[in-house]
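Note sheet for the following structure.
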Amino acid sequence: MNELPAKKAVTKAAKKAPTKKSPAKKAPAKKSPAKKASAKKAHAKKSPAKKASAKKAAAEGAPRNDTSAPKRPALAAPPTDPLTVLGLQPHFTLADLRRAWRDHAATHHPDIGGDAATFSRGRHAYEALREGLGR
């Protein structure tokens, strides 16, 4: 039991050991009050007038300048011709039609990330062309 207090004393002494201090950094020199005032005045003269925000301008009834935004061209309508939808030539065989439909379905099926509208457009084109062949 005698050793226990001695160990505590040693650990406390080790904890209180002085550490090396980093050299003190000098604080930046302060400007005199006269220099600060003249700097503020010079800065105030150079700053341009603030522009009114778009919300304030709209509230005041000022016309908005929409010519700065580029206008996007209208999207082309999707093809309605069944041959164009499936990418076939006018003279095709049943094998060509089936291959075109499989390729279209593999690309545009909704279960694999395709567009449902594009997929159904291809399905209707396939059915129309298949009926046209009479098979």
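Letters A, B, ... go to the chains of the structure tokens in the order shown; residues in each chain start at 1; ligands are counted from 1 in the same order.
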Legend entry - For Glu127 (chain A): contacts at 12 Å, only C-alpha atoms, fewer than 4 positions along chain excluded, given as a list in words: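 After dropping sequence-adjacent residues, the list is Pro82, Leu83, Leu86, Leu94, Leu97, Arg98, Trp101, Ser120, Arg121, Gly122, Arg123, Glu131, Gly132, Leu133, Gly134 and Arg135 of chain A.
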Inset, instruction - Among the residues of region 64-132 of chain A, find those DSSP assigns to alpha helix (DSSP H) from the backbone and print them as a PyMOL selection string. - result: chain A and resi 82-86+94-108+116-132
Legend entry - Computed interatomic separation between CA of Asp96 (chain A) and CA of Ala125 (chain A) (Å): 13.5 Å
Legend entry - Among listed residues A:His124, A:Arg130, A:His104, A:Arg99, nearest Asp81 (chain A) (using only C-alpha atoms):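 Of the candidates, the smallest distance to Asp81 (chain A) is held by A:His124.
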